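K.L.:
Sending over input.txt (compact mmCIF, C-alpha atoms).
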```txt
# COMPACT_ATOMS: atom_id res chain seq x y z
CA MET H 1 0.00 0.00 0.00
CA ILE H 2 1.27 3.40 -1.03
CA THR H 3 0.60 5.91 1.74
CA GLN H 4 0.37 9.42 0.34
CA GLY H 5 0.07 12.88 1.87
CA ASP H 6 -1.13 15.61 -0.48
CA ASP H 7 -0.59 19.38 -0.47
CA LEU H 8 2.96 19.44 0.88
CA GLY H 9 4.05 23.07 0.54
CA GLY H 10 0.44 24.22 0.42
CA SER H 11 0.53 25.30 4.07
CA TYR H 12 2.99 25.39 6.94
CA SER H 13 0.61 23.16 8.85
CA ALA H 14 0.73 20.50 6.12
CA ASN H 15 4.53 20.58 6.06
CA LYS H 16 4.80 19.90 9.77
CA ALA H 17 2.02 17.30 9.80
CA ILE H 18 3.39 15.34 6.83
CA HIS H 19 6.88 15.39 8.34
CA GLU H 20 5.50 14.12 11.66
CA ALA H 21 3.39 11.40 10.00
CA TRP H 22 6.48 10.18 8.17
CA ARG H 23 8.90 10.33 11.09
CA ASN H 24 6.50 8.79 13.60
CA GLY H 25 4.10 6.82 11.41
CA GLU H 26 3.36 5.02 8.18
CA LEU H 27 3.39 7.88 5.67
CA ARG H 28 5.94 7.29 2.89
CA ASN H 29 5.05 9.70 0.03
CA GLY H 30 4.32 13.41 -0.22
CA SER H 31 2.83 15.31 -3.16
CA LEU H 32 4.34 18.80 -3.43
CA MET H 33 2.49 21.97 -4.46
CA ALA H 34 5.34 23.90 -6.08
CA ASN H 35 3.17 27.03 -6.15
CA GLY H 36 2.24 26.71 -2.48
CA ILE H 37 2.85 29.50 0.02
CA ALA H 38 4.98 27.19 2.19
CA VAL H 39 7.03 25.45 -0.49
CA GLN H 40 10.28 27.02 0.75
CA SER H 41 9.55 25.62 4.19
CA ALA H 42 8.83 22.21 2.68
CA ALA H 43 12.21 22.29 0.96
CA LYS H 44 13.98 22.83 4.28
CA LEU H 45 12.20 19.81 5.75
CA PHE H 46 12.24 17.36 2.86
CA ALA H 47 14.40 18.24 -0.14
CA HIS H 48 17.46 16.34 1.06
CA GLU H 49 15.81 13.66 3.19
CA ASP H 50 16.26 9.98 2.34
CA GLY H 51 13.52 7.41 2.61
CA PHE H 52 10.59 9.69 1.73
CA CYS H 53 9.33 9.82 -1.86
CA ILE H 54 8.34 13.21 -3.28
CA GLY H 55 5.90 13.70 -6.13
CA LEU H 56 4.72 16.82 -7.94
CA HIS H 57 1.13 17.75 -7.06
CA CYS H 58 0.30 19.57 -10.29
CA THR H 59 -2.02 22.37 -9.22
CA LEU H 60 -4.18 24.45 -11.56
CA HIS H 61 -7.18 25.19 -9.33
CA ALA H 62 -7.82 26.91 -6.00
CA GLU H 63 -10.97 25.70 -4.26
CA TRP H 64 -11.03 27.72 -1.02
CA ASP H 65 -12.71 31.08 -0.44
CA ARG H 66 -10.13 32.86 1.74
CA VAL H 67 -6.96 30.91 0.94
CA ARG H 68 -6.14 31.43 -2.71
CA TRP H 69 -3.18 30.44 -4.88
CA GLY H 70 -2.16 31.04 -8.46
CA PRO H 71 0.44 30.01 -11.01
CA VAL H 72 4.21 29.88 -10.76
CA LEU H 73 4.28 31.74 -14.06
CA SER H 74 3.09 35.32 -14.24
CA PRO H 75 -0.71 35.42 -14.60
CA ASN H 76 -0.36 37.29 -17.89
CA GLN H 77 1.52 34.29 -19.28
CA VAL H 78 -1.39 31.94 -18.55
CA PRO H 79 -4.50 34.17 -18.77
CA SER H 80 -6.91 31.32 -19.49
CA LEU H 81 -6.00 29.62 -16.20
CA VAL H 82 -6.64 32.53 -13.85
CA LEU H 83 -9.37 34.85 -12.60
CA GLU H 84 -9.09 38.64 -12.64
CA ASP H 85 -7.19 38.62 -9.33
CA GLY H 86 -4.51 36.32 -10.76
CA THR H 87 -5.56 33.23 -8.78
CA PHE H 88 -6.71 29.95 -10.30
CA HIS H 89 -10.31 29.04 -11.09
CA ARG H 90 -12.08 27.16 -8.30
CA SER H 91 -12.57 23.80 -10.01
CA PRO H 92 -11.96 21.91 -13.25
CA ALA H 93 -15.67 22.20 -13.95
CA ASP H 94 -15.23 25.98 -14.25
CA TRP H 95 -13.12 25.37 -17.34
CA LYS H 96 -16.23 24.17 -19.17
CA THR H 97 -17.55 27.72 -19.14
CA SER H 98 -14.34 29.75 -19.03
CA GLY H 99 -12.27 27.60 -21.38
CA PHE H 100 -8.52 27.04 -21.15
CA GLU H 101 -5.51 26.90 -23.45
CA ILE H 102 -3.71 23.57 -23.45
CA SER H 103 -0.40 25.28 -24.21
CA GLU H 104 -0.80 27.36 -21.02
CA VAL H 105 -1.60 24.26 -18.99
CA MET H 106 1.57 22.51 -20.14
CA ALA H 107 3.69 25.64 -19.66
CA GLU H 108 2.53 26.00 -16.06
CA LEU H 109 3.11 22.32 -15.31
CA GLN H 110 6.65 22.64 -16.63
CA ALA H 111 7.23 25.75 -14.54
CA GLN H 112 5.98 23.98 -11.40
CA LEU H 113 8.31 21.04 -12.02
CA GLU H 114 11.29 23.31 -12.63
CA THR H 115 10.49 25.23 -9.43
CA ALA H 116 10.46 22.00 -7.42
CA ARG H 117 13.77 20.92 -8.88
CA LYS H 118 15.42 24.28 -8.26
CA LEU H 119 14.42 23.97 -4.59
CA GLY H 120 16.34 20.70 -4.38
CA PHE H 121 13.48 18.25 -4.78
CA LYS H 122 13.76 15.24 -7.08
CA PRO H 123 10.13 14.37 -7.82
CA TYR H 124 9.64 10.72 -8.71
CA TYR H 125 5.96 10.82 -9.63
CA ALA H 126 3.29 13.37 -10.57
CA ASP H 127 -0.37 13.59 -9.70
CA THR H 128 -3.01 16.29 -10.12
CA HIS H 129 -4.87 18.53 -7.70
CA MET H 130 -8.60 17.92 -8.13
CA GLY H 131 -7.95 15.59 -11.09
CA PHE H 132 -8.08 18.42 -13.62
CA GLU H 133 -6.83 16.25 -16.50
CA ARG H 134 -10.06 14.25 -16.46
CA ILE H 135 -11.99 17.25 -17.76
CA ASP H 136 -10.59 16.81 -21.27
CA GLU H 137 -9.29 13.64 -22.95
CA ARG H 138 -6.54 15.63 -24.65
CA LEU H 139 -5.16 16.62 -21.26
CA THR H 140 -5.23 13.03 -20.04
CA HIS H 141 -2.89 11.91 -22.82
CA LEU H 142 -0.74 15.03 -22.68
CA PHE H 143 -0.25 14.67 -18.95
CA ASP H 144 0.91 11.07 -19.26
CA ASP H 145 3.20 11.91 -22.19
CA TRP H 146 4.67 14.87 -20.30
CA CYS H 147 5.35 12.70 -17.25
CA GLU H 148 7.17 10.18 -19.40
CA SER H 149 9.25 12.86 -21.13
CA GLU H 150 10.28 14.28 -17.73
CA GLY H 151 11.10 10.93 -16.15
CA LEU H 152 8.12 11.06 -13.79
CA MET H 153 5.74 8.23 -12.97
CA SER H 154 2.19 9.27 -13.77
CA TYR H 155 -0.08 8.44 -10.87
CA ARG H 156 -2.81 7.35 -13.22
CA ASN H 157 -3.54 3.63 -13.44
CA VAL H 158 -0.55 2.50 -11.35
CA CYS H 159 -2.70 1.03 -8.56
CA MET H 160 -6.15 0.99 -7.02
CA ASN H 161 -7.35 3.54 -4.47
CA ILE H 162 -8.48 2.75 -0.94
CA SER H 163 -11.84 4.47 -0.48
CA TYR H 164 -13.01 5.00 3.06
CA ASN H 165 -15.68 7.07 4.76
CA ARG H 166 -14.37 10.43 5.91
CA PRO H 167 -14.90 10.69 9.67
CA GLY H 168 -17.83 12.71 10.84
CA GLN H 169 -17.92 14.49 14.18
CA GLY H 170 -17.01 11.96 16.85
CA GLU H 171 -16.23 9.12 14.42
CA ASP H 172 -12.99 7.16 14.50
CA PRO H 173 -11.01 7.49 11.24
CA VAL H 174 -8.75 4.57 12.13
CA LEU H 175 -11.70 2.18 12.30
CA ASN H 176 -13.01 3.55 9.01
CA VAL H 177 -9.69 2.84 7.27
CA ILE H 178 -9.38 -0.62 8.80
CA GLN H 179 -12.91 -1.43 7.68
CA ALA H 180 -12.01 -0.35 4.15
CA LEU H 181 -8.86 -2.47 4.18
CA GLU H 182 -10.86 -5.48 5.35
CA SER H 183 -12.97 -5.33 2.19
CA VAL H 184 -10.20 -5.32 -0.44
CA THR H 185 -8.58 -8.24 -2.21
CA PRO H 186 -4.79 -8.67 -2.37
CA GLY H 187 -3.10 -6.19 -4.70
CA ILE H 188 -1.38 -2.83 -4.84
CA TYR H 189 -3.34 0.07 -3.38
CA ARG H 190 -2.95 3.77 -2.60
CA LEU H 191 -4.26 5.57 0.48
CA VAL H 192 -4.42 9.32 -0.22
CA THR H 193 -4.71 11.76 2.68
CA HIS H 194 -4.20 15.46 3.46
CA PRO H 195 -2.44 15.66 6.83
CA THR H 196 -2.41 18.96 8.71
CA PHE H 197 -2.88 20.15 12.27
CA MET H 198 -6.15 21.61 13.45
CA ASP H 199 -4.77 25.12 13.75
CA GLU H 200 -5.65 28.67 12.78
CA GLU H 201 -4.01 28.35 9.37
CA ILE H 202 -6.24 25.45 8.32
CA LEU H 203 -9.36 26.79 10.03
CA ASN H 204 -9.09 29.61 7.49
CA PHE H 205 -9.64 27.10 4.68
CA GLY H 206 -13.15 26.24 3.55
CA ASN H 207 -15.87 27.14 1.06
CA ALA H 208 -19.63 26.87 0.69
CA GLN H 209 -19.47 23.06 0.63
CA HIS H 210 -16.94 22.50 3.43
CA SER H 211 -16.36 24.70 6.47
CA GLY H 212 -12.89 25.51 7.70
CA GLU H 213 -13.63 23.60 10.89
CA GLN H 214 -14.60 20.50 8.93
CA ILE H 215 -11.48 20.68 6.76
CA ALA H 216 -9.22 21.16 9.78
CA ARG H 217 -10.85 18.32 11.71
CA GLU H 218 -10.60 15.86 8.82
CA ARG H 219 -7.00 16.74 8.02
CA ASP H 220 -5.87 16.60 11.61
CA ALA H 221 -7.40 13.10 11.69
CA ASP H 222 -5.28 12.23 8.63
CA ARG H 223 -2.16 13.33 10.52
CA ARG H 224 -3.00 11.18 13.52
CA LEU H 225 -4.11 8.23 11.40
CA PHE H 226 -0.63 7.21 10.30
CA GLN H 227 0.72 7.36 13.85
CA ASP H 228 -2.08 5.41 15.51
CA GLU H 229 -0.86 2.21 17.14
CA ARG H 230 -4.05 0.36 16.18
CA LEU H 231 -3.39 0.94 12.48
CA LYS H 232 0.27 0.00 12.89
CA ARG H 233 -0.72 -3.28 14.59
CA TYR H 234 -3.31 -4.04 11.92
CA ILE H 235 -0.77 -3.46 9.15
CA ALA H 236 1.72 -5.77 10.87
CA GLN H 237 -0.83 -8.49 11.60
CA LYS H 238 -2.16 -8.53 8.03
CA GLY H 239 1.30 -8.44 6.46
CA ILE H 240 0.55 -5.22 4.57
CA ARG H 241 3.71 -3.77 3.08
CA ILE H 242 3.85 0.05 3.17
CA ILE H 243 5.79 1.33 0.16
CA ARG H 244 6.92 4.39 -1.76
CA TYR H 245 6.19 5.07 -5.42
CA ASP H 246 9.82 4.39 -6.20
CA GLU H 247 9.43 0.86 -4.81
CA LEU H 248 6.46 -0.07 -6.99
CA TRP H 249 8.60 -1.84 -9.56
CA LYS H 250 9.35 -4.58 -7.02
CA TYR H 251 5.71 -5.60 -6.76
CA ARG H 252 4.24 -5.22 -10.26
```
Show how you would write the structure in this file as structure tokens.
P.N.:
Amino acid sequence: MITQGDDLGGSYSANKAIHEAWRNGELRNGSLMANGIAVQSAAKLFAHEDGFCIGLHCTLHAEWDRVRWGPVLSPNQVPSLVLEDGTFHRSPADWKTSGFEISEVMAELQAQLETARKLGFKPYYADTHMGFERIDERLTHLFDDWCESEGLMSYRNVCMNISYNRPGQGEDPVLNVIQALESVTPGIYRLVTHPTFMDEEILNFGNAQHSGEQIARERDADRRLFQDERLKRYIAQKGIRIIRYDELWKYR
């Protein structure tokens, strides 16, 4: 099972939580937002660490109301990807009405990868924030081709995802994950999470669909999940091997 923490570099809270979940728990992979406000901080924590696999979290959308991000490139270089304030559109679905230029998409992805590399990261794989490539079949193929040309493993179709119920108020996320693991057949799987702390930075996240409190609670649960002794015992008892993306070749 690939254990993955998304949005590294997207917040200082995520940086600290992902580092903690790796050092003290079962997290082995982190997907980096090269355009994130805390990417410099992430570099200090992770760029030269061994044993933790970094991927590029290709980001072209900004879903929150108060916390906004935009491109690595100047907004005037990628005008179809941004709103009037220079930040990204809220979701891939918005592209259906606003439109986008494929050349601008690929230019921004390249700029994000180059930014990550200049900071000292050596991304092994690439995935996408909000799955934007699924909005257009041309992007799906271009993304995979771009990954291959840059020596990156595309996250698409490399394994199956573990789907589990996000914990509601008072629910136990560890039991939810164990229940999900009980229902799968032997194979290679990926467990994707968004670890943070429940702090003021993350409480400022949120939109009309998800409050900042809900986001902070769920992501703090993701941080604690990987360090929970019950999950560690279950993994050991069931003989589940926790791996990085760069170890996949051993098991395929």
K.L.:
Would you compute the distance between CA of Asp65 (chain H) and CA of Ser163 (chain H)? Give it in Å to one decimal.
P.N.:
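For CA of Asp65 (chain H) relative to CA of Ser163 (chain H), the distance reads 26.6 Å.
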K.L.:
What lies within 7 Å of Thr3 (chain H) using all atoms listed in the file, ignoring chain neighbours under 5 positions off, as number ranges by chain?
P.N.:
H: 27-29, 190-192, 242
K.L.:
Hey, which of H:Thr97, H:Thr115, H:Asn24, H:Ser13 ends up closest to Leu56 (chain H)? Count only C-alpha atoms.
P.N.:
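Closest to Leu56 (chain H), using only C-alpha atoms: H:Thr115.
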K.L.:
Kindly give the distance, in Å, that separates CA of Leu60 (chain H) and CA of Ala17 (chain H), rounded to a single decimal.
P.N.:
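These atoms are spaced 23.4 Å apart.
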K.L.:
Please identify all polymer residues within 8 Å of region 30-38 of chain H, counting all atoms listed in the file, omitting same-chain residues fewer than 6 positions from it, and present them as a list in words.
P.N.:
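So the residues in contact are Gln4, Gly5, Asp6, Asp7, Leu8, Gly9, Gly10, Ser11, Tyr12, Asn15, Ile18, Phe52, Cys53, Ile54, Gly55, Leu56, His57, Cys58, Thr59, Trp69, Gly70, Pro71, Val72, Gln112, Leu113, Thr115, Ala116, Ala126 and Asp127 of chain H.
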K.L.:
Please provide as a count of residues only all residues within 8 Å of region 78-87 of chain H, with the sequence filter that same-chain residues fewer than 4 positions apart are discarded (counting only C-alpha atoms).
P.N.:
15
K.L.:
Using all atoms listed in the file, find the one residue out of H:Ala107, H:Met1, H:Met160, H:Leu225 that sits nearest to Pro173 (chain H).
P.N.:
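When distances to Pro173 (chain H) are compared using all atoms listed in the file, the smallest one comes from H:Leu225.
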K.L.:
I want to know what sits within 12 Å of Thr140 (chain H), based on all atoms listed in the file, with residues of the same chain fewer than 4 positions away left out; could you give that as a PyMOL selection string?
P.N.:
chain H and resi 102+105-106+127-128+131-136+144-147+154-157
K.L.:
Which is closest to Leu175 (chain H) among H:Ala14, H:Met153, H:Met198, H:Ala221, if we use only C-alpha atoms?
P.N.:
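With only C-alpha atoms as the atom set, the closest residue is H:Ala221.
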K.L.:
Using all atoms listed in the file, which residues sit within 12 Å of Trp64 (chain H) once same-chain residues fewer than 3 positions away are excluded, as number ranges by chain?
P.N.:
H: 61, 67-69, 87-91, 202-212, 215
K.L.:
Quick check, in Å to one decimal: how far apart do CA of Val184 (chain H) and CA of Ile162 (chain H) lie?
P.N.:
8.3 Å
K.L.:
Could you check the closest approach to Leu152 (chain H) for each of H:Arg252, H:His19, H:Lys122, H:His48 and tell me which residue wins, using all atoms listed in the file?
P.N.:
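Counting all atoms listed in the file, the residue closest to Leu152 (chain H) is H:Lys122.
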